[in-house]
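Source file target-v4.txt; content: compact mmCIF, C-alpha atoms.
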```
# COMPACT_ATOMS: atom_id res chain seq x y z
CA LYS A 172 2.78 33.21 18.36
CA LYS A 173 -0.91 33.06 17.55
CA GLU A 174 -2.24 29.51 17.53
CA ASP A 175 -3.83 28.63 14.20
CA LYS A 176 -7.29 27.09 13.95
CA GLU A 177 -6.15 23.54 13.18
CA ALA A 178 -3.54 23.50 15.96
CA ARG A 179 -6.14 24.78 18.44
CA LEU A 180 -8.63 22.11 17.44
CA ARG A 181 -5.93 19.42 17.64
CA ARG A 182 -4.98 20.56 21.13
CA LYS A 183 -8.60 20.49 22.26
CA LEU A 184 -9.10 16.99 20.88
CA VAL A 185 -5.94 15.67 22.54
CA ASN A 186 -6.69 17.33 25.89
CA ASN A 187 -10.43 16.60 25.74
CA GLU A 188 -11.28 20.30 25.92
CA LEU A 189 -14.31 20.17 23.64
CA ASN A 190 -17.57 21.67 24.79
CA PRO A 191 -19.76 19.06 26.62
CA ILE A 192 -22.66 19.96 24.33
CA ALA A 193 -20.47 19.36 21.29
CA ASP A 194 -19.42 16.04 22.84
CA ALA A 195 -23.06 15.01 23.25
CA ILE A 196 -23.96 16.01 19.69
CA LEU A 197 -20.94 14.14 18.31
CA SER A 198 -21.90 11.05 20.32
CA LEU A 199 -25.45 11.14 18.92
CA VAL A 200 -24.14 11.52 15.37
CA LEU A 201 -21.79 8.56 15.81
CA LEU A 202 -24.58 6.49 17.33
CA SER A 203 -26.92 7.28 14.44
CA VAL A 204 -24.40 6.23 11.76
CA THR A 205 -23.30 3.06 13.58
CA PRO A 206 -25.75 0.80 11.64
CA PHE A 207 -24.40 2.17 8.34
CA ILE A 208 -20.82 1.59 9.48
CA TRP A 209 -21.73 -1.99 10.39
CA MET A 210 -23.35 -2.52 6.97
CA PHE A 211 -20.30 -1.09 5.23
CA ALA A 212 -18.02 -3.40 7.24
CA ALA A 213 -20.14 -6.44 6.36
CA ILE A 214 -20.14 -5.57 2.63
CA HIS A 215 -16.41 -4.84 2.78
CA ASP A 216 -15.70 -8.27 4.33
CA LYS A 217 -17.78 -10.06 1.70
CA LEU A 218 -15.94 -8.29 -1.09
CA MET A 219 -12.57 -9.06 0.47
CA PHE A 220 -13.40 -12.77 0.71
CA LYS A 221 -14.30 -12.79 -2.98
CA PHE A 222 -10.74 -11.69 -3.80
CA LEU A 223 -9.02 -14.16 -1.46
CA ASN A 224 -6.85 -16.70 -3.27
CA LYS A 225 -7.86 -15.22 -6.64
CA THR A 226 -5.65 -12.14 -6.68
CA TYR A 227 -3.43 -10.29 -4.27
CA ILE A 228 -4.64 -7.14 -2.55
CA TYR A 229 -1.37 -5.38 -1.78
CA ASN A 230 1.16 -4.95 -4.59
CA VAL A 231 3.66 -3.13 -2.37
CA SER A 232 4.01 -2.85 1.40
CA TRP A 233 3.17 0.66 2.60
CA GLU A 234 4.83 0.48 6.03
CA ASP A 235 8.40 1.73 6.45
CA PRO A 236 10.59 -1.18 7.70
CA ARG A 237 13.26 1.27 8.88
CA MET A 238 11.02 2.01 11.86
CA ASP A 239 10.95 -1.70 12.71
CA HIS A 240 14.73 -1.99 12.45
CA ARG A 241 15.17 0.76 15.04
CA VAL A 242 12.95 -1.08 17.51
CA PHE A 243 13.74 -4.74 16.81
CA ASN A 244 17.53 -4.56 16.43
CA LEU A 245 17.37 -7.83 14.54
CA THR A 246 20.32 -10.23 14.42
CA ASP A 247 20.96 -13.67 12.95
CA LYS A 248 19.65 -15.14 16.22
CA ASP A 249 16.14 -13.77 15.67
CA HIS A 250 13.19 -15.40 13.92
CA VAL A 251 10.49 -13.02 12.68
CA ILE A 252 6.99 -14.26 11.90
CA THR A 253 5.16 -11.65 9.87
CA ILE A 254 2.23 -11.17 7.51
CA ALA A 255 3.53 -11.60 3.97
CA SER A 256 1.52 -8.74 2.46
CA ALA A 257 3.45 -7.75 -0.69
CA GLY A 258 6.70 -9.26 0.61
CA CYS A 259 8.66 -6.00 0.73
CA ASN A 260 9.04 -5.80 4.51
CA ALA A 261 9.32 -9.54 5.05
CA LEU A 262 12.29 -9.60 2.67
CA ASP A 263 13.72 -6.43 4.19
CA TYR A 264 14.03 -8.06 7.63
CA ILE A 265 16.38 -10.62 6.12
CA ILE A 266 18.87 -7.83 5.42
CA GLU A 267 19.51 -7.65 9.16
CA GLY A 268 20.32 -11.37 9.16
CA SER A 269 17.21 -12.70 10.87
CA MET A 270 15.22 -15.74 9.82
CA VAL A 271 11.79 -14.77 8.49
CA THR A 272 8.58 -16.77 8.14
CA ALA A 273 5.90 -14.99 6.09
CA VAL A 274 2.28 -16.06 6.53
CA ASP A 275 -0.89 -14.74 4.95
CA PHE A 276 -4.59 -15.54 4.77
CA ASN A 277 -4.42 -14.88 1.03
CA LEU A 278 -2.22 -17.37 -0.84
CA CYS A 279 -1.78 -14.89 -3.69
CA GLN A 280 0.19 -12.64 -1.35
CA ILE A 281 2.48 -15.59 -0.67
CA ALA A 282 2.89 -16.06 -4.42
CA LEU A 283 3.89 -12.40 -4.84
CA THR A 284 6.32 -12.58 -1.91
CA GLU A 285 7.84 -15.76 -3.28
CA LEU A 286 8.25 -14.30 -6.77
CA LYS A 287 10.12 -11.31 -5.34
CA LYS A 288 12.32 -13.59 -3.23
CA VAL A 289 13.26 -15.76 -6.20
CA ALA A 290 13.82 -12.69 -8.38
CA ILE A 291 16.24 -11.27 -5.79
CA ILE A 292 18.18 -14.52 -5.86
CA GLN A 293 18.17 -15.06 -9.63
CA LEU A 294 18.29 -11.59 -11.18
CA GLU A 295 20.67 -8.67 -11.19
CA PHE A 296 19.47 -5.52 -9.42
CA GLU A 297 18.84 -3.69 -12.70
CA ALA A 298 16.55 -6.44 -13.98
CA PHE A 299 14.71 -6.66 -10.65
CA PHE A 300 14.16 -2.88 -10.65
CA GLU A 301 12.94 -2.93 -14.24
CA ILE A 302 10.30 -5.52 -13.41
CA PHE A 303 8.98 -4.44 -10.02
CA SER A 304 9.57 -0.68 -10.13
CA LYS A 305 9.16 0.12 -13.82
CA SER A 306 6.63 -2.66 -14.51
CA ASN A 307 8.61 -4.11 -17.42
CA MET A 308 6.28 -7.07 -17.92
CA GLU A 309 7.97 -8.12 -21.14
CA LEU A 310 11.19 -8.70 -19.22
CA LEU A 311 9.25 -10.70 -16.64
CA LYS A 312 7.80 -12.90 -19.39
CA GLU A 313 11.31 -13.42 -20.73
CA VAL A 314 12.97 -14.50 -17.48
CA TYR A 315 10.02 -16.23 -15.81
CA PRO A 316 10.11 -19.67 -17.53
CA THR A 317 13.82 -20.35 -17.06
CA LYS A 318 15.00 -18.27 -14.09
CA LEU A 319 12.02 -17.79 -11.80
CA ARG A 320 9.45 -20.54 -12.24
CA PRO A 321 11.77 -23.48 -11.45
CA LEU A 322 12.34 -22.13 -7.92
CA LEU A 323 8.71 -21.35 -7.11
CA SER A 324 6.47 -23.62 -5.06
CA LYS A 325 3.71 -25.36 -7.00
CA PRO A 326 0.86 -23.04 -5.84
CA SER A 327 2.91 -19.92 -6.58
CA ALA A 328 3.97 -21.26 -9.99
CA GLU A 329 0.34 -21.98 -10.87
CA PHE A 330 -0.64 -18.42 -9.93
CA TRP A 331 2.17 -16.82 -11.97
CA ASP A 332 1.74 -19.08 -14.99
CA GLU A 333 -1.38 -17.02 -15.60
CA GLY A 334 -0.30 -13.82 -13.86
CA VAL A 335 2.69 -13.09 -16.11
CA ASN A 336 0.30 -12.84 -19.04
CA THR A 337 -2.62 -11.03 -17.42
CA ILE A 338 -0.92 -8.46 -15.16
CA LYS A 339 -0.07 -5.38 -17.19
CA SER A 340 1.67 -3.33 -14.49
CA PHE A 341 2.97 -4.22 -11.03
CA MET A 342 2.39 -0.67 -9.79
CA TYR A 343 -1.30 -0.85 -10.70
CA SER A 344 -1.89 -4.53 -9.95
CA GLY A 345 -3.88 -6.04 -7.10
CA THR A 346 -6.88 -4.31 -5.55
CA SER A 347 -4.75 -1.62 -3.88
CA GLY A 348 -2.96 -1.01 -7.17
CA ASN A 349 -6.30 -0.68 -8.94
CA MET A 350 -7.39 1.86 -6.35
CA SER A 351 -4.13 3.76 -6.89
CA TYR A 352 -4.90 3.89 -10.60
CA VAL A 353 -8.37 5.32 -9.91
CA LEU A 354 -6.88 7.82 -7.47
CA PHE A 355 -3.98 9.07 -9.61
CA ARG A 356 -5.40 8.70 -13.10
CA VAL A 357 -9.09 9.51 -12.53
CA LEU A 358 -9.86 11.34 -9.27
CA PHE A 359 -6.77 13.55 -9.11
CA PRO A 360 -7.41 15.12 -12.55
CA ILE A 361 -11.13 15.56 -11.77
CA PHE A 362 -10.29 17.44 -8.56
CA GLY A 363 -7.58 19.53 -10.20
CA LEU A 364 -4.73 17.57 -8.65
CA GLY A 365 -3.31 15.97 -11.79
CA PHE A 366 -0.17 18.04 -11.31
CA ILE A 367 0.88 15.83 -8.36
CA ARG A 368 1.64 12.82 -10.53
CA ASN A 369 3.37 15.00 -13.12
CA GLU A 370 5.54 16.68 -10.49
CA LEU A 371 6.47 13.32 -8.95
CA GLU A 372 7.56 12.04 -12.35
CA LYS A 373 9.65 15.18 -12.89
CA GLY A 374 11.39 14.65 -9.54
CA THR A 375 10.14 17.83 -7.91
CA THR A 376 11.54 18.29 -4.40
CA SER A 377 9.31 17.42 -1.46
CA GLU A 378 9.43 21.00 -0.17
CA THR A 379 8.21 22.43 -3.46
CA LEU A 380 5.55 19.74 -3.84
CA GLN A 381 4.27 20.36 -0.30
CA LYS A 382 3.79 24.04 -1.09
CA MET A 383 1.89 23.20 -4.28
CA VAL A 384 -0.31 20.70 -2.47
CA SER A 385 -1.04 23.12 0.41
CA ASN A 386 -2.56 25.50 -2.11
CA ASN A 387 -5.10 22.79 -2.96
CA SER A 388 -5.97 21.67 0.57
CA TYR A 389 -9.73 21.65 -0.03
CA SER A 390 -9.37 19.27 -2.99
CA ILE A 391 -7.10 17.01 -0.92
CA ARG A 392 -9.65 16.92 1.89
CA ALA A 393 -12.46 16.14 -0.53
CA ILE A 394 -10.57 13.16 -1.98
CA ALA A 395 -9.55 11.96 1.49
CA TRP A 396 -13.20 11.99 2.54
CA LEU A 397 -14.24 10.21 -0.65
CA MET A 398 -11.61 7.49 -0.33
```
How does this structure look as structure tokens?
Amino acid sequence: KKEDKEARLRRKLVNNELNPIADAILSLVLLSVTPFIWMFAAIHDKLMFKFLNKTYIYNVSWEDPRMDHRVFNLTDKDHVITIASAGCNALDYIIEGSMVTAVDFNLCQIALTELKKVAIIQLEFEAFFEIFSKSNMELLKEVYPTKLRPLLSKPSAEFWDEGVNTIKSFMYSGTSGNMSYVLFRVLFPIFGLGFIRNELEKGTTSETLQKMVSNNSYSIRAIAWLM
């Protein structure tokens, strides 16, 4: 079977089969942009520190905890210390019976994790799903004062006393949620990819969606480079 262009390039990269001249040119290019990369990293760090303890960055955890379960084989004798992030994976480890300690440099991530933990304890599944998956903020405002706030720590309660009134959608909250909004609601339509969100909402199968996306590979690459 004839090897396609991308597979051939991937093989050459993995096996270090690139032309020495191409290697030298690539090295010079990387060396020339290093100062700009350093400047970007410095600006990025300053921006991140501005958000710390003012809002959370991650509204959901992107990693798949099922991969961790296969490796860890957690039991009730284990104690996991993990970054809190959005709390999804930290809470998922408890399903296996282990003790979990969630830590985070950003106290707002702890507040989000704690809210989810208390909601799991206090609410029925349907109510929890309505709030965190469907962003039913009115329901959150209704149950927060009596069912959730009393079980929160003082710092988390102080964060959510304001947050329940200012956050309009969990899916688009936090800096990563804001970026998702820009990606799905602004950039995708501009690059002719608005159909992706529509197809996801319709429940289109992954196979069909993959075929549709593959027909717009150049737009996908452009957005990936931009982001």
task = Take atom CA of A:Phe366 and atom CA of A:Ile302 and report the distance between them in Å, one decimal.
result =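 Straight-line distance from atom CA of A:Phe366 to atom CA of A:Ile302 works out to 25.9 Å.
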In Å and to one decimal, atom CA of A:Val204 is distant from atom CA of A:Ile228 by 27.8 Å
Distance query A:Arg320 at most 9 Å, only C-alpha atoms, self and fewer than 5 positions along chain excluded, as a list in words:
Leu286, Val289, Val314, Tyr315, Ser327, Ala328, Trp331 and Asp332 of chain A
All residues 12 Å or closer to A:His240, all atoms listed in the file, same chain fewer than 3 positions away omitted, as a list of chain:residue names |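 Once the adjacent positions are removed, what remains is A:Asp235, A:Pro236, A:Arg237, A:Phe243, A:Asn244, A:Leu245, A:Thr246, A:Val251, A:Asn260, A:Ala261, A:Asp263, A:Tyr264, A:Ile265, A:Ile266, A:Glu267, A:Gly268, A:Ser269.
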- Message: With distances taken over only C-alpha atoms, which residue among A:Glu372, A:Ser344, A:Ile394, A:Ile214 lies nearest A:Pro360?
- Response: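 Checking each of A:Glu372, A:Ser344, A:Ile394, A:Ile214 against A:Pro360, counting only C-alpha atoms, the winner is A:Ile394.
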(request) Name the residues within 12 Å of (-6.8, 7.1, -8.7), counting all atoms listed in the file in the file's coordinates, and put them as a list in words. (result) Tyr343, Thr346, Ser347, Gly348, Asn349, Met350, Ser351, Tyr352, Val353, Leu354, Phe355, Arg356, Val357, Leu358, Phe359, Pro360, Ile361, Phe362, Leu364, Gly365, Ile367, Arg368, Ile394, Ala395, Leu397 and Met398 of chain A
Polymer residues at most 7 Å from A:Ser306, only C-alpha atoms, same-chain spacing of 4 or more positions, as JSON, numbers by chain = {"A": [301, 302, 340, 341, 342]}
**Asked** atom CA of A:Glu297 to atom CA of A:Leu262: how many Å, to one decimal?
**Response**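 Calculated distance between atom CA of A:Glu297 and atom CA of A:Leu262 is 17.7 Å.
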Take stretch 283-300 of chain A, bring it up to N, CA, C and O atoms, and give me the output as a compact mmCIF listing (two decimals), keeping the file's coordinate frame.
```txt
# COMPACT_ATOMS: atom_id res chain seq x y z
N LEU A 283 3.18 -13.64 -4.50
CA LEU A 283 3.89 -12.40 -4.84
C LEU A 283 5.19 -12.30 -4.05
O LEU A 283 6.24 -11.95 -4.60
N THR A 284 5.12 -12.61 -2.75
CA THR A 284 6.32 -12.58 -1.91
C THR A 284 7.37 -13.56 -2.43
O THR A 284 8.56 -13.24 -2.51
N GLU A 285 6.91 -14.74 -2.81
CA GLU A 285 7.84 -15.76 -3.28
C GLU A 285 8.48 -15.37 -4.62
O GLU A 285 9.67 -15.60 -4.84
N LEU A 286 7.69 -14.75 -5.49
CA LEU A 286 8.25 -14.30 -6.77
C LEU A 286 9.35 -13.26 -6.54
O LEU A 286 10.40 -13.32 -7.18
N LYS A 287 9.11 -12.33 -5.63
CA LYS A 287 10.12 -11.31 -5.34
C LYS A 287 11.38 -11.95 -4.73
O LYS A 287 12.50 -11.57 -5.06
N LYS A 288 11.17 -12.92 -3.84
CA LYS A 288 12.32 -13.59 -3.23
C LYS A 288 13.18 -14.29 -4.27
O LYS A 288 14.41 -14.14 -4.29
N VAL A 289 12.53 -15.04 -5.16
CA VAL A 289 13.26 -15.76 -6.20
C VAL A 289 13.93 -14.79 -7.17
O VAL A 289 15.07 -15.02 -7.60
N ALA A 290 13.25 -13.68 -7.47
CA ALA A 290 13.82 -12.69 -8.38
C ALA A 290 15.07 -12.06 -7.77
O ALA A 290 16.05 -11.79 -8.48
N ILE A 291 15.06 -11.82 -6.46
CA ILE A 291 16.24 -11.27 -5.79
C ILE A 291 17.41 -12.24 -5.91
O ILE A 291 18.56 -11.82 -6.13
N ILE A 292 17.12 -13.51 -5.80
CA ILE A 292 18.18 -14.52 -5.86
C ILE A 292 18.71 -14.69 -7.29
O ILE A 292 19.92 -14.79 -7.51
N GLN A 293 17.82 -14.67 -8.26
CA GLN A 293 18.17 -15.06 -9.63
C GLN A 293 18.57 -13.91 -10.55
O GLN A 293 19.28 -14.12 -11.53
N LEU A 294 18.09 -12.70 -10.24
CA LEU A 294 18.29 -11.59 -11.18
C LEU A 294 19.27 -10.56 -10.65
O LEU A 294 19.47 -10.43 -9.44
N GLU A 295 19.86 -9.82 -11.56
CA GLU A 295 20.67 -8.67 -11.19
C GLU A 295 19.73 -7.55 -10.73
O GLU A 295 18.55 -7.52 -11.07
N PHE A 296 20.29 -6.60 -9.96
CA PHE A 296 19.47 -5.52 -9.42
C PHE A 296 18.74 -4.76 -10.52
O PHE A 296 17.56 -4.43 -10.39
N GLU A 297 19.44 -4.47 -11.61
CA GLU A 297 18.84 -3.69 -12.70
C GLU A 297 17.61 -4.36 -13.26
O GLU A 297 16.59 -3.72 -13.54
N ALA A 298 17.68 -5.68 -13.44
CA ALA A 298 16.55 -6.44 -13.98
C ALA A 298 15.39 -6.46 -12.98
O ALA A 298 14.22 -6.30 -13.34
N PHE A 299 15.73 -6.66 -11.70
CA PHE A 299 14.71 -6.66 -10.65
C PHE A 299 13.98 -5.31 -10.62
O PHE A 299 12.75 -5.26 -10.54
N PHE A 300 14.75 -4.22 -10.69
CA PHE A 300 14.16 -2.88 -10.65
C PHE A 300 13.28 -2.63 -11.87
O PHE A 300 12.22 -2.01 -11.77
```
